[in-house]
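Source file query-v1.txt; content: compact mmCIF, C-alpha atoms.
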```txt
# COMPACT_ATOMS: atom_id res chain seq x y z
CA MET P 169 -101.66 -94.84 6.16
CA LYS P 170 -101.30 -96.89 9.35
CA LYS P 171 -104.07 -99.25 10.26
CA LEU P 172 -105.82 -99.37 13.62
CA ALA P 173 -105.62 -102.65 15.50
CA ARG P 174 -106.91 -103.87 18.84
CA ASP P 175 -104.55 -105.22 21.49
CA PRO P 176 -104.89 -108.99 20.94
CA GLN P 177 -104.55 -109.60 24.69
CA ILE P 178 -107.86 -107.88 25.34
CA VAL P 179 -110.80 -110.26 25.66
CA TRP P 180 -113.99 -108.75 24.27
CA ARG P 181 -117.34 -109.47 22.72
CA ASN P 182 -120.38 -107.77 21.24
CA GLU P 183 -123.52 -107.90 23.37
CA LYS P 184 -125.95 -108.56 20.54
CA ARG P 185 -129.15 -108.52 22.57
CA ARG P 186 -128.12 -105.35 24.34
CA GLU P 187 -127.25 -103.73 21.04
CA GLU P 188 -130.75 -104.48 19.76
CA GLU P 189 -132.23 -102.92 22.90
CA ILE P 190 -130.04 -99.85 22.55
CA LEU P 191 -130.99 -99.40 18.90
CA ALA P 192 -134.66 -99.66 19.86
CA ALA P 193 -134.13 -97.06 22.61
CA LEU P 194 -132.36 -94.83 20.12
CA GLU P 195 -135.35 -95.09 17.81
CA ARG P 196 -137.53 -93.90 20.69
CA GLY P 197 -135.27 -90.89 21.09
CA GLU P 198 -133.76 -91.97 24.43
CA ASP P 199 -130.23 -91.06 25.51
CA VAL P 200 -128.15 -94.22 25.09
CA GLY P 201 -124.69 -92.71 25.58
CA ASP P 202 -124.02 -94.64 28.80
CA ARG P 203 -125.36 -97.99 27.68
CA GLY P 204 -122.76 -100.58 26.74
CA SER P 205 -122.92 -102.82 23.69
CA VAL P 206 -119.35 -104.11 23.72
CA ILE P 207 -117.81 -105.61 26.82
CA LEU P 208 -114.09 -106.06 27.29
CA ILE P 209 -111.71 -107.14 30.00
CA VAL P 210 -108.43 -105.31 30.31
CA GLY P 211 -105.99 -106.33 33.00
CA GLY P 212 -108.72 -108.18 34.87
CA THR P 213 -111.11 -105.21 34.90
CA MET P 214 -114.35 -105.12 32.94
CA HIS P 215 -115.22 -102.18 30.73
CA GLN P 216 -118.15 -101.35 28.45
CA LEU P 217 -118.16 -99.37 25.23
CA ASN P 218 -121.28 -97.57 24.15
CA LEU P 219 -122.93 -98.09 20.79
CA VAL P 220 -120.73 -95.78 18.72
CA GLY P 221 -117.62 -96.73 20.68
CA GLY P 222 -118.48 -100.36 20.02
CA TYR P 223 -118.83 -99.75 16.30
CA ILE P 224 -115.43 -98.06 16.20
CA TRP P 225 -113.90 -100.89 18.25
CA ASN P 226 -115.28 -103.48 15.83
CA LEU P 227 -113.89 -101.58 12.85
CA CYS P 228 -110.38 -101.46 14.31
CA ASP P 229 -109.47 -104.94 13.10
CA GLY P 230 -106.10 -104.07 11.58
CA SER P 231 -107.49 -103.52 8.08
CA ARG P 232 -108.64 -99.90 8.38
CA SER P 233 -106.96 -96.55 8.91
CA LEU P 234 -108.55 -93.76 10.95
CA ASP P 235 -109.83 -92.26 7.68
CA ASP P 236 -111.39 -95.60 6.73
CA VAL P 237 -113.14 -95.83 10.10
CA VAL P 238 -114.51 -92.30 9.77
CA GLU P 239 -115.64 -92.98 6.21
CA THR P 240 -117.43 -96.18 7.22
CA LEU P 241 -119.22 -94.49 10.11
CA ALA P 242 -120.15 -91.51 7.94
CA SER P 243 -122.15 -93.82 5.73
CA GLU P 244 -124.12 -95.05 8.77
CA PHE P 245 -124.64 -91.94 10.89
CA ASP P 246 -126.23 -88.68 9.91
CA VAL P 247 -123.53 -86.48 11.44
CA HIS P 248 -121.50 -83.64 9.97
CA ASP P 249 -118.17 -85.00 8.65
CA GLU P 250 -116.00 -82.71 10.76
CA VAL P 251 -117.90 -83.44 13.94
CA LEU P 252 -117.69 -87.16 13.27
CA ARG P 253 -113.96 -87.03 12.55
CA HIS P 254 -113.35 -85.02 15.70
CA ASP P 255 -115.32 -87.47 17.86
CA VAL P 256 -113.80 -90.60 16.33
CA GLU P 257 -110.30 -89.18 16.58
CA ALA P 258 -110.82 -88.27 20.24
CA PHE P 259 -112.15 -91.75 21.03
CA VAL P 260 -109.37 -93.52 19.14
CA ASN P 261 -106.70 -91.33 20.74
CA ASP P 262 -108.09 -92.17 24.16
CA LEU P 263 -107.93 -95.91 23.47
CA VAL P 264 -104.48 -95.65 21.89
CA GLY P 265 -103.37 -93.79 25.03
CA ARG P 266 -104.70 -96.64 27.17
CA GLY P 267 -102.90 -99.17 24.97
CA TRP P 268 -106.14 -100.85 23.92
CA LEU P 269 -105.68 -99.82 20.28
CA ARG P 270 -102.51 -99.26 18.32
CA TYR P 271 -101.44 -98.15 14.86
CA ALA P 272 -99.88 -101.07 13.00
CA MET N 269 -118.78 -99.75 37.63
CA ARG N 270 -122.19 -101.37 37.52
CA LEU N 271 -122.54 -103.72 34.62
CA ASP N 272 -125.61 -103.76 32.45
CA LEU N 273 -127.36 -107.10 32.16
CA LEU N 274 -125.23 -109.24 29.90
CA ASP N 275 -126.38 -111.56 27.13
CA THR N 276 -124.48 -114.46 28.71
CA PRO N 277 -121.98 -114.83 31.57
CA LEU N 278 -118.32 -113.99 31.22
CA ARG N 279 -116.83 -116.18 33.95
CA VAL N 280 -117.97 -119.73 34.58
CA THR N 281 -116.85 -122.35 37.08
CA TRP N 282 -117.50 -125.92 35.97
CA GLU N 283 -117.49 -129.09 38.07
CA PHE N 284 -116.80 -132.29 36.14
CA CYS N 285 -117.56 -134.76 38.92
CA SER N 286 -119.61 -135.08 42.07
CA GLY N 287 -118.55 -137.96 44.28
CA GLU N 288 -118.19 -140.98 42.03
CA PHE N 289 -120.36 -139.51 39.26
CA CYS N 290 -118.66 -137.73 36.37
CA LEU N 291 -120.42 -136.24 33.38
CA PRO N 292 -119.77 -138.50 30.34
CA ALA N 293 -117.48 -137.19 27.62
CA ASP N 294 -120.28 -136.63 25.08
CA LYS N 295 -122.18 -134.45 27.57
CA LEU N 296 -119.00 -132.55 28.43
CA ARG N 297 -118.48 -131.83 24.73
CA HIS N 298 -122.06 -130.65 24.45
CA VAL N 299 -121.70 -128.26 27.40
CA ALA N 300 -118.34 -127.01 26.11
CA GLY N 301 -120.02 -126.24 22.79
CA ARG N 302 -122.69 -124.24 24.62
CA LEU N 303 -120.01 -122.19 26.36
CA THR N 304 -118.09 -121.37 23.19
CA GLU N 305 -121.31 -120.51 21.31
CA ALA N 306 -122.24 -118.12 24.10
CA GLY N 307 -118.90 -116.28 23.97
CA VAL N 308 -117.94 -116.99 27.58
CA PHE N 309 -114.54 -115.45 28.33
CA PHE N 310 -113.20 -117.52 31.21
CA VAL N 311 -113.94 -121.07 32.38
CA THR N 312 -112.43 -122.65 35.47
CA LEU N 313 -112.58 -126.45 35.49
CA GLN N 314 -112.75 -128.04 38.91
CA LYS N 315 -113.84 -131.01 41.00
CA GLY N 316 -112.58 -134.06 39.19
CA ALA N 317 -111.56 -132.29 35.98
CA PRO N 318 -107.88 -133.34 36.10
CA ARG N 319 -108.81 -137.03 36.36
CA HIS N 320 -111.55 -137.05 33.71
CA PRO N 321 -110.31 -138.82 30.54
CA ALA N 322 -111.91 -136.17 28.29
CA THR N 323 -110.39 -133.15 30.01
CA GLY N 324 -107.61 -132.58 27.48
CA GLU N 325 -110.11 -132.67 24.63
CA ILE N 326 -112.49 -130.28 26.44
CA ILE N 327 -109.71 -127.80 27.24
CA ALA N 328 -108.60 -127.87 23.59
CA MET N 329 -112.18 -127.40 22.42
CA LEU N 330 -112.84 -124.45 24.73
CA SER N 331 -109.52 -122.88 23.92
CA ALA N 332 -110.10 -123.19 20.16
CA GLY N 333 -113.42 -121.44 20.73
CA GLY N 334 -111.68 -118.45 22.31
CA VAL N 335 -112.33 -119.36 25.95
CA ARG N 336 -109.51 -118.85 28.48
CA VAL N 337 -109.41 -122.05 30.52
CA SER N 338 -108.08 -122.49 34.05
CA LEU N 339 -107.88 -125.73 36.00
CA ILE N 340 -108.03 -126.47 39.71
CA ALA N 341 -106.16 -129.62 40.71
CA GLN N 342 -105.63 -131.35 44.02
CA PRO N 343 -101.91 -131.79 44.86
CA ALA N 344 -102.14 -135.51 44.08
CA GLU N 345 -103.69 -134.77 40.68
CA LEU N 346 -100.75 -132.79 39.30
CA SER N 347 -99.30 -135.89 37.70
CA LEU N 348 -102.46 -136.13 35.56
CA VAL N 349 -102.08 -132.62 34.14
CA GLU N 350 -100.62 -132.66 30.64
CA SER N 351 -97.94 -130.16 29.74
CA ASN N 352 -99.58 -129.44 26.37
CA TRP N 353 -102.92 -128.34 27.84
CA PRO N 354 -103.45 -124.71 26.81
CA LEU N 355 -104.28 -123.41 30.27
CA GLN N 356 -104.43 -119.78 31.20
CA GLU N 357 -103.83 -120.70 34.81
CA LEU N 358 -103.20 -123.84 36.84
CA PHE N 359 -104.37 -123.74 40.45
CA ILE N 360 -103.28 -126.18 43.12
CA ASP N 361 -105.83 -126.59 45.88
CA ALA N 362 -104.15 -125.82 49.21
CA GLY N 363 -107.35 -126.41 51.20
CA GLY N 364 -106.21 -129.85 52.37
CA TRP N 365 -103.08 -128.34 53.86
CA LEU N 366 -105.09 -125.66 55.64
CA ASP N 367 -107.29 -128.44 57.07
CA GLY N 368 -104.23 -130.30 58.31
CA ALA N 369 -105.08 -133.21 56.01
CA SER N 370 -101.99 -132.99 53.81
CA ALA N 371 -98.35 -132.16 54.34
CA GLN N 372 -96.51 -129.03 53.33
CA GLU N 373 -94.09 -131.17 51.30
CA GLU N 374 -96.99 -132.46 49.21
CA LEU N 375 -97.99 -128.92 48.21
CA GLY N 376 -94.41 -127.95 47.48
CA ALA N 377 -93.92 -131.06 45.35
CA ALA N 378 -97.13 -130.34 43.43
CA ALA N 379 -95.95 -126.80 42.67
CA GLN N 380 -92.65 -128.21 41.43
CA ILE N 381 -94.42 -130.75 39.17
CA GLY N 382 -96.55 -127.92 37.77
CA ARG N 383 -93.45 -125.89 36.97
CA GLU N 384 -91.73 -128.89 35.36
CA LYS N 385 -94.76 -129.17 33.08
CA GLY N 386 -94.28 -125.59 31.96
CA PHE N 387 -96.91 -123.84 34.09
CA SER N 388 -96.56 -121.12 36.71
CA PRO N 389 -98.92 -122.68 39.24
CA ALA N 390 -100.87 -120.64 41.74
CA PHE N 391 -102.30 -121.87 45.03
CA LEU N 392 -106.01 -121.70 45.76
CA ALA N 393 -107.96 -122.19 48.96
CA VAL N 394 -111.63 -121.74 49.72
CA PRO N 395 -111.63 -119.46 52.81
CA LEU N 396 -113.79 -121.58 55.11
CA ALA N 397 -114.17 -120.36 58.69
CA SER N 398 -111.98 -123.18 60.00
CA ARG N 399 -109.17 -122.14 57.66
CA LEU N 400 -108.93 -118.43 58.38
CA ALA N 401 -106.46 -118.69 61.24
CA ARG N 402 -103.87 -120.41 59.05
CA LEU N 403 -104.08 -117.98 56.14
CA PRO N 404 -100.95 -116.04 57.22
CA GLN N 405 -99.08 -119.38 57.27
CA LEU N 406 -100.36 -120.10 53.77
CA PHE N 407 -98.97 -116.76 52.59
CA ALA N 408 -95.58 -117.75 54.00
CA LEU N 409 -95.87 -121.18 52.39
CA CYS N 410 -96.46 -119.58 48.98
CA ARG N 411 -93.28 -117.55 49.37
CA GLU N 412 -91.32 -120.59 50.54
CA HIS N 413 -92.33 -122.54 47.42
CA ASP N 414 -91.95 -119.63 44.98
CA VAL N 415 -95.66 -119.50 44.27
CA GLY N 416 -96.42 -115.87 43.51
CA ARG N 417 -100.19 -115.98 43.36
CA LEU N 418 -102.95 -117.11 45.69
CA LYS N 419 -106.66 -117.18 44.96
CA LEU N 420 -109.32 -117.25 47.67
CA PRO N 421 -112.54 -117.95 45.75
CA ASN N 422 -116.10 -117.76 47.01
CA ILE N 423 -117.52 -120.50 49.19
CA SER N 424 -119.57 -123.02 47.24
CA VAL N 425 -122.94 -123.97 48.60
CA ASP N 426 -124.83 -127.06 47.61
CA GLY N 427 -128.58 -127.45 47.86
CA ASN N 428 -128.49 -129.32 51.19
CA LEU N 429 -128.16 -126.35 53.50
CA GLY N 430 -127.92 -126.98 57.20
CA ASP N 431 -126.11 -126.00 60.36
CA LEU N 432 -122.95 -127.68 59.16
CA GLU N 433 -122.92 -125.64 55.95
CA ARG N 434 -123.67 -122.44 57.84
CA GLY N 435 -120.82 -123.20 60.22
CA LYS N 436 -118.39 -123.26 57.29
CA LEU N 437 -118.97 -119.59 56.55
CA PRO N 438 -116.73 -117.09 58.29
CA THR N 439 -118.75 -114.95 60.67
CA ALA N 440 -118.12 -111.26 61.24
CA GLU N 441 -116.46 -112.16 64.58
CA GLU N 442 -114.13 -114.66 62.92
CA LEU N 443 -113.21 -112.09 60.29
CA PHE N 444 -112.54 -109.58 63.07
CA ASP N 445 -110.22 -112.11 64.74
CA LEU N 446 -108.41 -112.57 61.43
CA ARG N 447 -107.97 -108.82 61.12
CA LYS N 448 -106.25 -108.78 64.52
CA LYS N 449 -104.13 -111.81 63.70
CA ILE N 450 -103.02 -110.48 60.32
CA GLY N 451 -101.87 -107.17 61.77
CA ASP N 452 -99.85 -105.56 58.99
CA ALA N 453 -101.70 -106.89 55.96
CA ALA N 454 -99.19 -105.48 53.47
CA GLU N 455 -96.34 -107.27 55.22
CA SER N 456 -98.33 -110.48 55.58
CA ARG N 457 -99.08 -110.68 51.86
CA ARG N 458 -95.64 -109.39 50.81
CA GLY N 459 -94.53 -110.64 47.39
CA LEU N 460 -97.85 -112.31 46.78
CA GLU N 461 -100.53 -111.47 44.24
CA LEU N 462 -103.83 -112.12 45.99
CA GLU N 463 -107.21 -112.61 44.35
CA VAL N 464 -109.96 -112.52 46.96
CA HIS N 465 -113.60 -112.98 46.04
CA ASP N 466 -115.24 -112.22 49.39
CA LEU N 467 -115.56 -108.49 49.91
CA PHE N 468 -115.06 -108.50 53.67
CA LEU N 469 -112.05 -110.80 53.49
CA TRP N 470 -110.64 -108.64 50.73
CA GLU N 471 -111.10 -105.60 52.92
CA ILE N 472 -108.93 -107.20 55.61
CA LEU N 473 -106.25 -108.60 53.32
CA SER N 474 -105.94 -105.63 51.00
CA ARG N 475 -105.47 -102.93 53.61
CA GLY N 476 -103.14 -100.43 52.00
CA ASP N 477 -104.63 -100.98 48.53
CA ALA N 478 -107.55 -98.72 47.73
CA GLU N 479 -108.80 -100.30 44.52
CA ARG N 480 -111.03 -103.27 43.92
CA GLY N 481 -111.20 -102.86 40.18
CA GLU N 482 -113.95 -105.18 39.16
CA PHE N 483 -116.46 -105.02 41.99
CA GLY N 484 -119.73 -103.53 40.89
CA GLY N 485 -122.07 -105.50 43.12
CA CYS N 486 -122.96 -109.18 43.14
CA GLN N 487 -122.47 -110.57 39.64
CA ALA N 488 -124.39 -113.82 40.14
CA ALA N 489 -126.54 -114.61 37.10
CA ASN N 490 -124.91 -111.81 35.18
CA SER N 491 -121.19 -112.03 34.51
CA LEU N 492 -120.88 -115.12 36.76
CA ALA N 493 -122.29 -118.62 36.50
CA HIS N 494 -121.57 -122.09 37.83
CA ILE N 495 -122.10 -125.47 36.18
CA ASP N 496 -122.41 -128.61 38.29
CA ALA N 497 -121.49 -132.19 37.44
CA GLN N 498 -124.94 -132.79 35.88
CA GLY N 499 -124.50 -129.96 33.39
CA ASP N 500 -126.99 -127.78 35.28
CA ILE N 501 -126.24 -124.08 35.50
CA PHE N 502 -126.54 -121.84 38.57
CA PRO N 503 -126.20 -118.07 39.20
CA CYS N 504 -122.81 -118.73 40.85
CA SER N 505 -121.32 -121.44 43.04
CA SER N 506 -122.65 -119.73 46.18
CA TRP N 507 -126.26 -119.66 44.99
CA PRO N 508 -127.76 -123.16 44.66
CA LEU N 509 -130.75 -122.24 42.53
CA ARG N 510 -130.87 -124.24 39.31
CA LEU N 511 -131.48 -122.06 36.25
CA GLY N 512 -131.53 -124.80 33.63
CA SER N 513 -129.57 -127.58 31.97
CA LEU N 514 -126.90 -126.91 29.39
CA CYS N 515 -127.42 -130.48 28.21
CA GLU N 516 -130.91 -129.41 27.08
CA THR N 517 -130.90 -125.65 26.49
CA SER N 518 -128.51 -123.03 25.15
CA LEU N 519 -126.84 -120.63 27.58
CA GLU N 520 -128.32 -117.67 25.70
CA ALA N 521 -131.84 -119.03 26.24
CA ILE N 522 -131.23 -119.79 29.93
CA TRP N 523 -129.87 -116.27 30.44
CA GLN N 524 -133.13 -114.90 29.09
CA ASN N 525 -135.43 -116.95 31.31
CA GLU N 526 -137.54 -115.49 34.08
CA ARG N 527 -135.61 -117.23 36.87
CA ARG N 528 -132.46 -115.42 35.86
CA TYR N 529 -134.21 -112.06 35.75
CA ARG N 530 -135.84 -112.72 39.13
CA ILE N 531 -132.42 -113.28 40.65
CA ARG N 532 -131.13 -110.06 39.15
CA ARG N 533 -134.14 -108.20 40.55
CA ASP N 534 -133.44 -109.70 43.99
CA ILE N 535 -129.84 -108.51 43.72
CA GLU N 536 -130.95 -105.00 42.77
CA HIS N 537 -133.35 -104.92 45.74
CA LEU N 538 -131.94 -103.06 48.77
CA PRO N 539 -131.89 -105.65 51.59
CA ALA N 540 -133.73 -104.43 54.68
CA GLY N 541 -130.67 -105.46 56.70
CA CYS N 542 -128.54 -103.00 54.72
CA ALA N 543 -130.94 -100.04 54.85
CA GLY N 544 -129.26 -96.96 56.24
CA CYS N 545 -125.74 -98.42 56.06
CA SER N 546 -123.19 -95.85 54.93
CA ASP N 547 -121.11 -98.53 53.18
CA TYR N 548 -123.90 -99.96 51.05
CA ALA N 549 -122.67 -97.97 48.07
CA LEU N 550 -119.33 -99.79 48.40
CA CYS N 551 -120.42 -103.37 49.08
CA ILE N 552 -123.84 -103.27 47.38
CA GLY N 553 -125.00 -105.99 49.73
CA GLY N 554 -121.89 -108.21 49.40
CA CYS N 555 -122.50 -111.85 48.47
CA ARG N 556 -126.21 -112.08 47.81
CA GLY N 557 -126.03 -115.82 47.12
CA LEU N 558 -124.89 -116.59 50.67
CA ALA N 559 -127.34 -114.08 52.14
CA VAL N 560 -130.30 -115.59 50.30
CA SER N 561 -129.17 -119.20 50.72
CA PHE N 562 -128.92 -118.93 54.51
CA SER N 563 -131.68 -116.40 55.10
CA ASP N 564 -133.59 -114.34 52.57
CA ARG N 565 -133.19 -111.45 50.18
CA ASP N 566 -133.49 -108.93 53.02
CA ALA N 567 -130.52 -110.36 54.93
CA ARG N 568 -127.03 -108.93 55.06
CA ASP N 569 -124.06 -110.88 53.73
CA PRO N 570 -123.29 -113.44 56.48
CA GLY N 571 -119.79 -111.95 56.84
CA CYS N 572 -121.09 -108.45 57.48
CA ALA N 573 -120.76 -107.16 61.07
CA GLY N 574 -123.70 -104.78 60.73
CA ARG N 575 -124.58 -101.31 59.61
CA ARG N 576 -121.72 -98.82 59.46
```
I need this file expressed as structure tokens, please.
Amino acid sequence: MKKLARDPQIVWRNEKRREEEILAALERGEDVGDRGSVILIVGGTMHQLNLVGGYIWNLCDGSRSLDDVVETLASEFDVHDEVLRHDVEAFVNDLVGRGWLRYA
Amino acid sequence: MRLDLLDTPLRVTWEFCSGEFCLPADKLRHVAGRLTEAGVFFVTLQKGAPRHPATGEIIAMLSAGGVRVSLIAQPAELSLVESNWPLQELFIDAGGWLDGASAQEELGAAAQIGREKGFSPAFLAVPLASRLARLPQLFALCREHDVGRLKLPNISVDGNLGDLERGKLPTAEELFDLRKKIGDAAESRRGLELEVHDLFLWEILSRGDAERGEFGGCQAANSLAHIDAQGDIFPCSSWPLRLGSLCETSLEAIWQNERRYRIRRDIEHLPAGCAGCSDYALCIGGCRGLAVSFSDRDARDPGCAGRR
């Protein structure tokens, strides 16, 4: 199965302190969907990925297929498998459509 | 898009020298290490960088650490730029030409030297008030010398503010005059990729383009930072408030200190001068560094003509 890889031209990094804050907010039951933990610059424009998006982005290092990514996340999140697969697939398809990720 | 508060800045400008003083090579290495540790994306080396003997080493060090490095050189410094420096972008300072202090041929020759060294040089000019009237001529000059990109960065402010410094900033009236002089902005900038930091100048020069992709309010002390020739770090080059020394403290620690957060709170504060303005949602107060440096946190950006 094809592996998912990030566009090497995209400059990005994990915001470690922000991620800690988001995890703490999550523990408190707050909505963290709009809070970014990964920052990237594409074509001169800055973007943020939220916590789950950031996890997926980090996993797409060219060594994992979509199934591998779903499997890895399933071990970390208490979400129904089908729901998780649907959400991950939608996110990955969006980024593949933007050219930020590709199947290699 | 409004950015959350970042762990460390993404874009840093870095002066190597101030007058005759240049930061020694060991200190430069130390600061470069701080920048790579902090995961800074882009560093622009300026003011004396091309003539510093350690510049090649510092560029290589930053580049190996994943930082995209750009360099600003004076026309006469192009001969010092090495063709093997891994630069993302090479800028040639056209400010001297706009001031009438250097000849057109000098700029053209510098661009040619840059190309012969394997770069695609861009021109750069700080848009001081005295330079605005010649901007259309600079656009034409870029085309004449096959330079496809021009950057107009923000105006640096040092700590010694005074009438002279204030007089360097374009006023709303001077920007209005430029708007009239430019006329058809799309035709004036034809064939040229423009990068304009100042929001009001961008508004004039970009007429016809609707998007300003990255602007989400003043990014001083968030995604932006400036390092002076002592290794001290500032919110940006337009905001002369020292946050700390990279010779002594890590960038991560400085970005967590109270001074930095106070600046961000000042930026989030709605300036009294902007209250009720229908365009506040677009400009978000413009350049807060210039506003605070020349007045206070309730002042409008000095280039703003008033409430709309």
TODO: Restrict the distance test to all atoms listed in the file, flag each residue of chain P within 12 Å of chain N, and return the flagged residues as a PyMOL selection string.
DONE: chain P and resi 176-190+202-218
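Among the candidates N:Pro321, N:Gly554, N:Pro508, N:Pro421, the residue lying nearest to N:Ala567 is N:Gly554 (atoms considered: all atoms listed in the file).
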- [ ] Using only C-alpha atoms, give me every residue within 7 Å of (-105.0, -99.4, 13.5) in file coordinates, as number ranges by chain.
- [x] P: 170-173, 228, 230, 232-233, 269-272
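The space separating atom CA of N:Gly451 from atom CA of N:Gly376 comes to 26.3 Å.
Atom CA of N:Ala493 is found 21.5 Å from atom CA of N:His320.
Across P:Asp175, P:Ile224, P:Val260, P:Asp255, the tightest approach to P:Thr240 is made by P:Ile224 when counting only C-alpha atoms.
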First collect every listed atom of stretch 176-192 of chain P; then fit an axis-aligned box around them, widen it by 6 Å on each side, and give centre and edge lengths in Å to one decimal, as lines of an AutoDock Vina configuration file.
```
center_x = -119.6
center_y = -104.8
center_z = 22.3
size_x = 42.1
size_y = 22.9
size_z = 18.8
```
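All polymer residues at most 12 Å from (-99.9, -111.5, 61.1), using only C-alpha atoms, appear as Leu400, Ala401, Arg402, Leu403, Pro404, Gln405, Leu406, Phe407, Ala408, Asp445, Leu446, Arg447, Lys448, Lys449, Ile450, Gly451, Asp452, Ala453, Ala454, Glu455, Ser456, Arg457, Arg458, Ile472 and Leu473 of chain N.
Picture a line from atom CA of N:Cys290 to atom CA of N:Ser518; it runs 21.0 Å.
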TODO: Might you pull out every residue within 6 Å of stretch 351-359 of chain N, with all atoms listed in the file counted and same-chain residues fewer than 2 positions away left off, and present them as a ChimeraX atom specification?
DONE: /N:336-340,385,389-392
Task: Best match for closeness to N:Asp569 among N:Thr439, N:Ser513, N:Ser474, N:Gln498, counting all atoms listed in the file - done: N:Thr439
Open item on the list: Excluding N:Ile326 and its own-chain neighbours fewer than 2 positions away, which residues fall within 8 Å of it when counting all atoms listed in the file? Please give them as an MDAnalysis selection string.
Closed with: chainID N and resid 296:297 300 322:324 328:330
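Shortest separation to N:Pro438 among N:Gly485, N:Leu558, N:Ala317, N:Ile522 occurs at residue N:Leu558, atoms counted being all atoms listed in the file.
In terms of minimum interatomic distance to N:Lys315, N:Ala341 ranks closest within N:Leu291, N:Ile495, N:Ala369, N:Ala341, counting all atoms listed in the file.
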- [ ] Would you list the contacts of N:Asp534 as number ranges by chain, taking every protein, DNA or RNA residue within 9 Å and counting only C-alpha atoms, but skipping same-chain residues closer than 5 positions in sequence?
- [x] N: 529, 539, 556, 565
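You can rank N:Ile423, N:Leu462, N:His537, N:Leu469 by their closest distance to N:Glu442 using all atoms listed in the file, and at the top of that list sits N:Leu469.
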Kindly reconstruct stretch 433-448 of chain N with N, CA and C atoms and present the result as a PDB file, in the frame of the given file.
```pdb
ATOM      1  N   GLU N 433    -123.279-126.552  57.033  1.00  0.00           N
ATOM      2  CA  GLU N 433    -122.920-125.640  55.950  1.00  0.00           C
ATOM      3  C   GLU N 433    -122.763-124.214  56.487  1.00  0.00           C
ATOM      4  N   ARG N 434    -123.734-123.803  57.310  1.00  0.00           N
ATOM      5  CA  ARG N 434    -123.670-122.440  57.840  1.00  0.00           C
ATOM      6  C   ARG N 434    -122.408-122.231  58.657  1.00  0.00           C
ATOM      7  N   GLY N 435    -122.008-123.295  59.385  1.00  0.00           N
ATOM      8  CA  GLY N 435    -120.820-123.200  60.220  1.00  0.00           C
ATOM      9  C   GLY N 435    -119.531-123.077  59.423  1.00  0.00           C
ATOM     10  N   LYS N 436    -119.590-123.388  58.118  1.00  0.00           N
ATOM     11  CA  LYS N 436    -118.390-123.260  57.290  1.00  0.00           C
ATOM     12  C   LYS N 436    -118.100-121.803  56.927  1.00  0.00           C
ATOM     13  N   LEU N 437    -119.142-120.981  56.974  1.00  0.00           N
ATOM     14  CA  LEU N 437    -118.970-119.590  56.550  1.00  0.00           C
ATOM     15  C   LEU N 437    -118.302-118.775  57.639  1.00  0.00           C
ATOM     16  N   PRO N 438    -117.325-117.969  57.283  1.00  0.00           N
ATOM     17  CA  PRO N 438    -116.730-117.090  58.290  1.00  0.00           C
ATOM     18  C   PRO N 438    -117.777-116.091  58.800  1.00  0.00           C
ATOM     19  N   THR N 439    -117.855-115.951  60.111  1.00  0.00           N
ATOM     20  CA  THR N 439    -118.750-114.950  60.670  1.00  0.00           C
ATOM     21  C   THR N 439    -118.000-113.617  60.777  1.00  0.00           C
ATOM     22  N   ALA N 440    -118.745-112.578  61.070  1.00  0.00           N
ATOM     23  CA  ALA N 440    -118.120-111.260  61.240  1.00  0.00           C
ATOM     24  C   ALA N 440    -117.086-111.310  62.373  1.00  0.00           C
ATOM     25  N   GLU N 441    -117.392-112.066  63.440  1.00  0.00           N
ATOM     26  CA  GLU N 441    -116.460-112.160  64.580  1.00  0.00           C
ATOM     27  C   GLU N 441    -115.178-112.864  64.153  1.00  0.00           C
ATOM     28  N   GLU N 442    -115.330-113.924  63.372  1.00  0.00           N
ATOM     29  CA  GLU N 442    -114.130-114.660  62.920  1.00  0.00           C
ATOM     30  C   GLU N 442    -113.288-113.794  61.983  1.00  0.00           C
ATOM     31  N   LEU N 443    -113.956-112.991  61.171  1.00  0.00           N
ATOM     32  CA  LEU N 443    -113.210-112.090  60.290  1.00  0.00           C
ATOM     33  C   LEU N 443    -112.495-111.014  61.108  1.00  0.00           C
ATOM     34  N   PHE N 444    -113.161-110.570  62.189  1.00  0.00           N
ATOM     35  CA  PHE N 444    -112.540-109.580  63.070  1.00  0.00           C
ATOM     36  C   PHE N 444    -111.281-110.173  63.721  1.00  0.00           C
ATOM     37  N   ASP N 445    -111.379-111.429  64.143  1.00  0.00           N
ATOM     38  CA  ASP N 445    -110.220-112.110  64.740  1.00  0.00           C
ATOM     39  C   ASP N 445    -109.074-112.197  63.722  1.00  0.00           C
ATOM     40  N   LEU N 446    -109.438-112.489  62.470  1.00  0.00           N
ATOM     41  CA  LEU N 446    -108.410-112.570  61.430  1.00  0.00           C
ATOM     42  C   LEU N 446    -107.732-111.219  61.254  1.00  0.00           C
ATOM     43  N   ARG N 447    -108.528-110.170  61.277  1.00  0.00           N
ATOM     44  CA  ARG N 447    -107.970-108.820  61.120  1.00  0.00           C
ATOM     45  C   ARG N 447    -106.902-108.575  62.189  1.00  0.00           C
ATOM     46  N   LYS N 448    -107.215-108.976  63.422  1.00  0.00           N
ATOM     47  CA  LYS N 448    -106.250-108.780  64.520  1.00  0.00           C
ATOM     48  C   LYS N 448    -105.011-109.653  64.317  1.00  0.00           C
TER      49      LYS N 448
END
```
